[in-house]
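Asks: Shown below is the structure under consideration.
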Amino acid sequence: MKLKLTLLLIACAFGLNVSAQNGFPFDNEIRNFKHQDSLSFPKPGGILFIGSSSIRAWDDLEQRFPGAPIIKRGVGGSELSQLVKYYTPYILFPYHPRKIFIYDGENDIAAGETADSVFANFKVLWPMIREKLPHAKIYFLSIKPSPSRVKFLTEVTKANQMIKSYLATKPNSLYVDMNTALYKEGTTMPDSSLFRKDYLHLNSKGYDRWEKVLKPYVN
């Protein structure tokens, strides 16, 4: 009888864990990551790249930084608000990374959120990470000015500036300017030749630029 009760409790606990990964945006991708983890869980002290599809679509991220313990957890189409509300218990905290590179906020603004809203969510996320991972270095990758979303450039610029100022006062934290590397020479507008046909996601040449910016921080 005790054995049956024990097994029932284990099953319930497992069921609760699985159900917690259901019912929120892109929960199928989170389940895929957890399945991947069940087969080969990343070692603690890795370098985590987390955020939206600009991370997810970086197909050769691990190959560009050979020898670095990269953990790629980009969730396609996700928003910074969703990272705060849903994803951290599944694809951030369990890995105990020593470095966390965050790219998020672009989809929030494209969905109608203001720069103030993006900043408010980041001000929730930063202490969440610091509480759980007090020694991790946190890098926020600036929200990029995608050519297909030029009409949102004012809000993107404002959100970037607010987060940059906020992180300037925080220990082990850094705002990384990814955008200057994507501008047309002599301008502050994005070079469309660095983007895929959707003019939203970077192509290989665009990721070449990102790699060059990030290499000193990853290494």
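For the structure tokens, the naming scheme is as follows: chains receive sequential letters (A, B, ...) according to their order of presentation, residues are indexed from 1 within each chain, and ligands are indexed from 1 in presentation order.
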Set the distance at 12 Å and use only C-alpha atoms: which residues neighbour Gln161 of chain A once local chain neighbours fewer than 2 positions away are removed? I'd like the list as a list in words.
Replies: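 In the requested format, the answer is Ala115, Asp116, Val118, Phe119, Phe140, Leu141, Ser142, Ile143, Thr154, Glu155, Val156, Thr157, Lys158, Ala159, Ile163, Lys164, Ser165, Tyr166, Leu167, Ala168, Tyr175, Val176 and Asp177 of chain A.
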Asks: Would you mind listing what lies within 12 Å of Ala120 of chain A as a VMD selection string, with only C-alpha atoms counted and same-chain residues fewer than 3 positions away left out?
Replies: chain A and resid 80 to 81 84 105 108 113 to 117 123 to 127 159 162 to 163 166
Asks: In Å, rounded to a single decimal, give me how far atom CA of Pro25 of chain A is from atom CA of Ile100 of chain A.
Replies: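 Between atom CA of Ile100 of chain A and atom CA of Pro25 of chain A the gap works out to 21.9 Å.
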Asks: Looking at only C-alpha atoms, which of A:Val150, A:Pro69, A:Tyr90, A:Asp60 is the one that sits closest to Asp37 of chain A?
Replies: A:Tyr90
Asks: When DSSP is applied to the backbone of this structure, which of segment 114-181 of chain A are assigned alpha helix (DSSP H)? Write them out as a PyMOL selection string.
Replies: chain A and resi 115-132+153-167
Asks: Generate the output file for the selected residues, N, CA and C atoms, as a compact mmCIF listing (two decimals), in the first residue's frame.
Replies:
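Result file is result-v1.txt:
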# COMPACT_ATOMS: atom_id res chain seq x y z
N ALA A 115 8.12 51.18 -25.27
CA ALA A 115 9.45 51.03 -24.70
C ALA A 115 9.37 50.96 -23.18
N ASP A 116 8.48 51.74 -22.59
CA ASP A 116 8.32 51.73 -21.13
C ASP A 116 7.90 50.34 -20.64
N SER A 117 7.03 49.68 -21.40
CA SER A 117 6.59 48.34 -21.03
C SER A 117 7.74 47.33 -21.11
N VAL A 118 8.52 47.41 -22.18
CA VAL A 118 9.68 46.53 -22.32
C VAL A 118 10.65 46.75 -21.17
N PHE A 119 10.91 48.01 -20.85
CA PHE A 119 11.82 48.32 -19.75
C PHE A 119 11.28 47.82 -18.42
N ALA A 120 9.99 47.98 -18.22
CA ALA A 120 9.37 47.50 -16.97
C ALA A 120 9.56 45.99 -16.82
N ASN A 121 9.40 45.26 -17.91
CA ASN A 121 9.60 43.81 -17.85
C ASN A 121 11.05 43.45 -17.58
N PHE A 122 11.96 44.22 -18.17
CA PHE A 122 13.38 43.93 -17.91
C PHE A 122 13.73 44.21 -16.45
N LYS A 123 13.11 45.24 -15.87
CA LYS A 123 13.36 45.55 -14.47
C LYS A 123 12.81 44.47 -13.53
N VAL A 124 11.91 43.65 -14.03
CA VAL A 124 11.45 42.48 -13.28
C VAL A 124 12.41 41.31 -13.49
N LEU A 125 12.86 41.15 -14.73
CA LEU A 125 13.72 40.01 -15.06
C LEU A 125 15.07 40.09 -14.37
N TRP A 126 15.70 41.26 -14.37
CA TRP A 126 17.06 41.36 -13.84
C TRP A 126 17.16 40.88 -12.39
N PRO A 127 16.31 41.36 -11.47
CA PRO A 127 16.42 40.87 -10.09
C PRO A 127 16.02 39.39 -9.94
N MET A 128 15.14 38.91 -10.83
CA MET A 128 14.82 37.47 -10.81
C MET A 128 16.08 36.65 -11.05
N ILE A 129 16.84 37.06 -12.06
CA ILE A 129 18.08 36.34 -12.38
C ILE A 129 19.09 36.51 -11.25
N ARG A 130 19.24 37.73 -10.76
CA ARG A 130 20.24 37.98 -9.74
C ARG A 130 19.96 37.21 -8.45
N GLU A 131 18.68 37.05 -8.13
CA GLU A 131 18.32 36.30 -6.92
C GLU A 131 18.68 34.83 -7.05
N LYS A 132 18.37 34.24 -8.20
CA LYS A 132 18.61 32.81 -8.41
C LYS A 132 20.05 32.51 -8.79
N LEU A 153 11.12 52.13 -34.85
CA LEU A 153 12.50 52.48 -34.50
C LEU A 153 12.57 53.42 -33.30
N THR A 154 11.63 54.33 -33.19
CA THR A 154 11.65 55.26 -32.05
C THR A 154 11.51 54.53 -30.72
N GLU A 155 10.56 53.58 -30.66
CA GLU A 155 10.37 52.81 -29.44
C GLU A 155 11.54 51.87 -29.17
N VAL A 156 12.10 51.29 -30.23
CA VAL A 156 13.27 50.41 -30.08
C VAL A 156 14.44 51.20 -29.49
N THR A 157 14.69 52.38 -30.04
CA THR A 157 15.79 53.21 -29.56
C THR A 157 15.58 53.61 -28.10
N LYS A 158 14.36 53.97 -27.76
CA LYS A 158 14.06 54.37 -26.39
C LYS A 158 14.24 53.21 -25.42
N ALA A 159 13.75 52.03 -25.79
CA ALA A 159 13.89 50.86 -24.93
C ALA A 159 15.36 50.53 -24.71
N ASN A 160 16.13 50.57 -25.78
CA ASN A 160 17.57 50.29 -25.66
C ASN A 160 18.25 51.28 -24.72
N GLN A 161 17.93 52.55 -24.86
CA GLN A 161 18.56 53.56 -24.02
C GLN A 161 18.20 53.38 -22.55
N MET A 162 16.95 53.02 -22.28
CA MET A 162 16.51 52.84 -20.90
C MET A 162 17.21 51.64 -20.25
N ILE A 163 17.30 50.55 -20.99
CA ILE A 163 17.95 49.35 -20.46
C ILE A 163 19.45 49.58 -20.29
N LYS A 164 20.05 50.31 -21.24
CA LYS A 164 21.48 50.63 -21.14
C LYS A 164 21.77 51.43 -19.87
N SER A 165 20.96 52.43 -19.60
CA SER A 165 21.16 53.26 -18.41
C SER A 165 20.95 52.45 -17.13
N TYR A 166 19.97 51.58 -17.15
CA TYR A 166 19.67 50.74 -15.99
C TYR A 166 20.84 49.81 -15.67
N LEU A 167 21.37 49.17 -16.69
CA LEU A 167 22.45 48.20 -16.47
C LEU A 167 23.77 48.86 -16.09
Asks: Need to verify the contact set: Trp210 of chain A, 9 Å, only C-alpha atoms, exclusion of same-chain residues closer than 6 positions in sequence. Can you return it as a PDB file with C-alpha atoms, in the first residue's frame?
Replies:
ATOM      1  CA  MET A 178      24.706  45.132 -31.464  1.00  0.00           C
ATOM      2  CA  ASN A 179      23.149  47.742 -33.733  1.00  0.00           C
ATOM      3  CA  ALA A 181      27.505  46.826 -36.558  1.00  0.00           C
ATOM      4  CA  LEU A 182      24.269  46.466 -38.567  1.00  0.00           C
TER       5      LEU A 182
END
Asks: Skip Pro147 of chain A itself and residues of its chain fewer than 2 positions away, then list as a PyMOL selection string all residues within 12 Å of it, counting only C-alpha atoms.
Replies: chain A and resi 144-145+149-153+182-184+188-202
Asks: How would the residues just picked look written out with C-alpha atoms as a CSV table (one decimal), in the first residue's frame?
Replies:
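File written: again-v1.csv
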chain,number,residue,atom,x,y,z
A,144,LYS,CA,17.9,45.5,-33.4
A,145,PRO,CA,16.4,47.9,-36.0
A,149,ARG,CA,10.0,47.1,-38.5
A,150,VAL,CA,11.4,50.6,-39.2
A,151,LYS,CA,8.2,52.2,-38.0
A,152,PHE,CA,9.0,51.0,-34.5
A,153,LEU,CA,12.5,52.5,-34.5
A,182,LEU,CA,24.3,46.5,-38.6
A,183,TYR,CA,24.0,50.0,-39.8
A,184,LYS,CA,24.7,51.1,-43.4
A,188,THR,CA,22.1,55.0,-38.3
A,189,MET,CA,19.8,52.9,-40.5
A,190,PRO,CA,20.0,49.1,-40.8
A,191,ASP,CA,21.7,47.6,-43.8
A,192,SER,CA,19.1,45.4,-45.5
A,193,SER,CA,21.8,43.2,-47.1
A,194,LEU,CA,22.5,41.7,-43.6
A,195,PHE,CA,19.0,40.4,-43.3
A,196,ARG,CA,17.0,37.5,-44.8
A,197,LYS,CA,14.3,38.0,-47.3
A,198,ASP,CA,11.8,38.7,-44.5
A,199,TYR,CA,14.0,41.7,-43.5
A,200,LEU,CA,13.5,40.7,-39.9
A,201,HIS,CA,16.0,37.9,-39.2
A,202,LEU,CA,19.7,38.2,-39.9
Asks: Using only C-alpha atoms, pick whichever of A:Gln63, A:Ile55, A:Ala68, A:Val75 has the shortest atom-to-atom distance to Arg31 of chain A.
Replies: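 Going through A:Gln63, A:Ile55, A:Ala68, A:Val75 one by one, the smallest distance to Arg31 of chain A is for A:Val75.
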Asks: Find the residues near Leu61 of chain A: any atom within 12 Å, counting only C-alpha atoms, skip ones fewer than 5 places away on the same chain, and give them as a PDB file with N, CA and C atoms, in the first residue's frame.
Replies:
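Below you can see around12.pdb, which holds the result:
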ATOM      1  N   ILE A  47      27.389  28.921 -21.059  1.00  0.00           N
ATOM      2  CA  ILE A  47      27.125  30.254 -21.593  1.00  0.00           C
ATOM      3  C   ILE A  47      25.777  30.196 -22.304  1.00  0.00           C
ATOM      4  N   LEU A  48      24.778  30.803 -21.699  1.00  0.00           N
ATOM      5  CA  LEU A  48      23.402  30.685 -22.165  1.00  0.00           C
ATOM      6  C   LEU A  48      23.023  31.845 -23.071  1.00  0.00           C
ATOM      7  N   PHE A  49      22.510  31.502 -24.259  1.00  0.00           N
ATOM      8  CA  PHE A  49      21.898  32.485 -25.147  1.00  0.00           C
ATOM      9  C   PHE A  49      20.395  32.241 -25.116  1.00  0.00           C
ATOM     10  N   ILE A  50      19.655  33.248 -24.711  1.00  0.00           N
ATOM     11  CA  ILE A  50      18.217  33.073 -24.535  1.00  0.00           C
ATOM     12  C   ILE A  50      17.477  34.257 -25.135  1.00  0.00           C
ATOM     13  N   SER A  54      15.659  35.559 -33.077  1.00  0.00           N
ATOM     14  CA  SER A  54      16.988  35.944 -33.545  1.00  0.00           C
ATOM     15  C   SER A  54      18.060  35.061 -32.922  1.00  0.00           C
ATOM     16  N   ILE A  55      17.776  34.499 -31.757  1.00  0.00           N
ATOM     17  CA  ILE A  55      18.654  33.491 -31.158  1.00  0.00           C
ATOM     18  C   ILE A  55      18.316  32.118 -31.732  1.00  0.00           C
ATOM     19  N   ARG A  56      17.052  31.816 -31.810  1.00  0.00           N
ATOM     20  CA  ARG A  56      16.629  30.502 -32.313  1.00  0.00           C
ATOM     21  C   ARG A  56      17.124  30.260 -33.740  1.00  0.00           C
ATOM     22  N   PRO A  66      33.748  27.912 -31.017  1.00  0.00           N
ATOM     23  CA  PRO A  66      34.202  26.561 -30.693  1.00  0.00           C
ATOM     24  C   PRO A  66      34.918  26.519 -29.340  1.00  0.00           C
ATOM     25  N   GLY A  67      34.594  25.503 -28.575  1.00  0.00           N
ATOM     26  CA  GLY A  67      35.212  25.363 -27.264  1.00  0.00           C
ATOM     27  C   GLY A  67      34.430  26.029 -26.156  1.00  0.00           C
ATOM     28  N   ALA A  68      33.542  26.961 -26.496  1.00  0.00           N
ATOM     29  CA  ALA A  68      32.713  27.614 -25.485  1.00  0.00           C
ATOM     30  C   ALA A  68      31.488  26.733 -25.203  1.00  0.00           C
ATOM     31  N   PRO A  69      31.116  26.576 -23.927  1.00  0.00           N
ATOM     32  CA  PRO A  69      29.968  25.713 -23.580  1.00  0.00           C
ATOM     33  C   PRO A  69      28.644  26.431 -23.824  1.00  0.00           C
ATOM     34  N   ILE A  70      28.309  26.620 -25.098  1.00  0.00           N
ATOM     35  CA  ILE A  70      27.116  27.372 -25.476  1.00  0.00           C
ATOM     36  C   ILE A  70      25.854  26.545 -25.235  1.00  0.00           C
ATOM     37  N   ILE A  71      24.854  27.193 -24.642  1.00  0.00           N
ATOM     38  CA  ILE A  71      23.509  26.624 -24.500  1.00  0.00           C
ATOM     39  C   ILE A  71      22.558  27.576 -25.227  1.00  0.00           C
ATOM     40  N   LYS A  72      21.963  27.136 -26.307  1.00  0.00           N
ATOM     41  CA  LYS A  72      21.090  28.013 -27.107  1.00  0.00           C
ATOM     42  C   LYS A  72      19.627  27.703 -26.789  1.00  0.00           C
ATOM     43  N   ARG A  73      18.919  28.699 -26.309  1.00  0.00           N
ATOM     44  CA  ARG A  73      17.519  28.515 -25.930  1.00  0.00           C
ATOM     45  C   ARG A  73      16.673  29.674 -26.449  1.00  0.00           C
ATOM     46  N   GLY A  74      16.715  29.888 -27.755  1.00  0.00           N
ATOM     47  CA  GLY A  74      15.858  30.880 -28.376  1.00  0.00           C
ATOM     48  C   GLY A  74      14.476  30.307 -28.622  1.00  0.00           C
ATOM     49  N   SER A 204      23.523  35.122 -42.823  1.00  0.00           N
ATOM     50  CA  SER A 204      24.853  34.731 -42.364  1.00  0.00           C
ATOM     51  C   SER A 204      25.780  35.938 -42.214  1.00  0.00           C
ATOM     52  N   TYR A 207      24.913  37.699 -39.021  1.00  0.00           N
ATOM     53  CA  TYR A 207      25.445  36.991 -37.850  1.00  0.00           C
ATOM     54  C   TYR A 207      26.976  37.098 -37.787  1.00  0.00           C
ATOM     55  N   ASP A 208      27.615  37.281 -38.924  1.00  0.00           N
ATOM     56  CA  ASP A 208      29.059  37.567 -38.902  1.00  0.00           C
ATOM     57  C   ASP A 208      29.325  38.827 -38.082  1.00  0.00           C
ATOM     58  N   TRP A 210      27.336  40.122 -35.743  1.00  0.00           N
ATOM     59  CA  TRP A 210      27.041  39.838 -34.337  1.00  0.00           C
ATOM     60  C   TRP A 210      28.192  39.062 -33.689  1.00  0.00           C
ATOM     61  N   GLU A 211      28.705  38.089 -34.402  1.00  0.00           N
ATOM     62  CA  GLU A 211      29.804  37.279 -33.865  1.00  0.00           C
ATOM     63  C   GLU A 211      30.995  38.168 -33.499  1.00  0.00           C
ATOM     64  N   LEU A 214      30.303  40.017 -30.292  1.00  0.00           N
ATOM     65  CA  LEU A 214      30.136  39.189 -29.100  1.00  0.00           C
ATOM     66  C   LEU A 214      31.385  38.418 -28.695  1.00  0.00           C
ATOM     67  N   LYS A 215      32.297  38.204 -29.627  1.00  0.00           N
ATOM     68  CA  LYS A 215      33.449  37.337 -29.346  1.00  0.00           C
ATOM     69  C   LYS A 215      34.199  37.714 -28.067  1.00  0.00           C
ATOM     70  N   VAL A 218      31.996  36.528 -25.054  1.00  0.00           N
ATOM     71  CA  VAL A 218      31.841  35.071 -24.940  1.00  0.00           C
ATOM     72  C   VAL A 218      33.146  34.457 -24.465  1.00  0.00           C
TER      73      VAL A 218
END
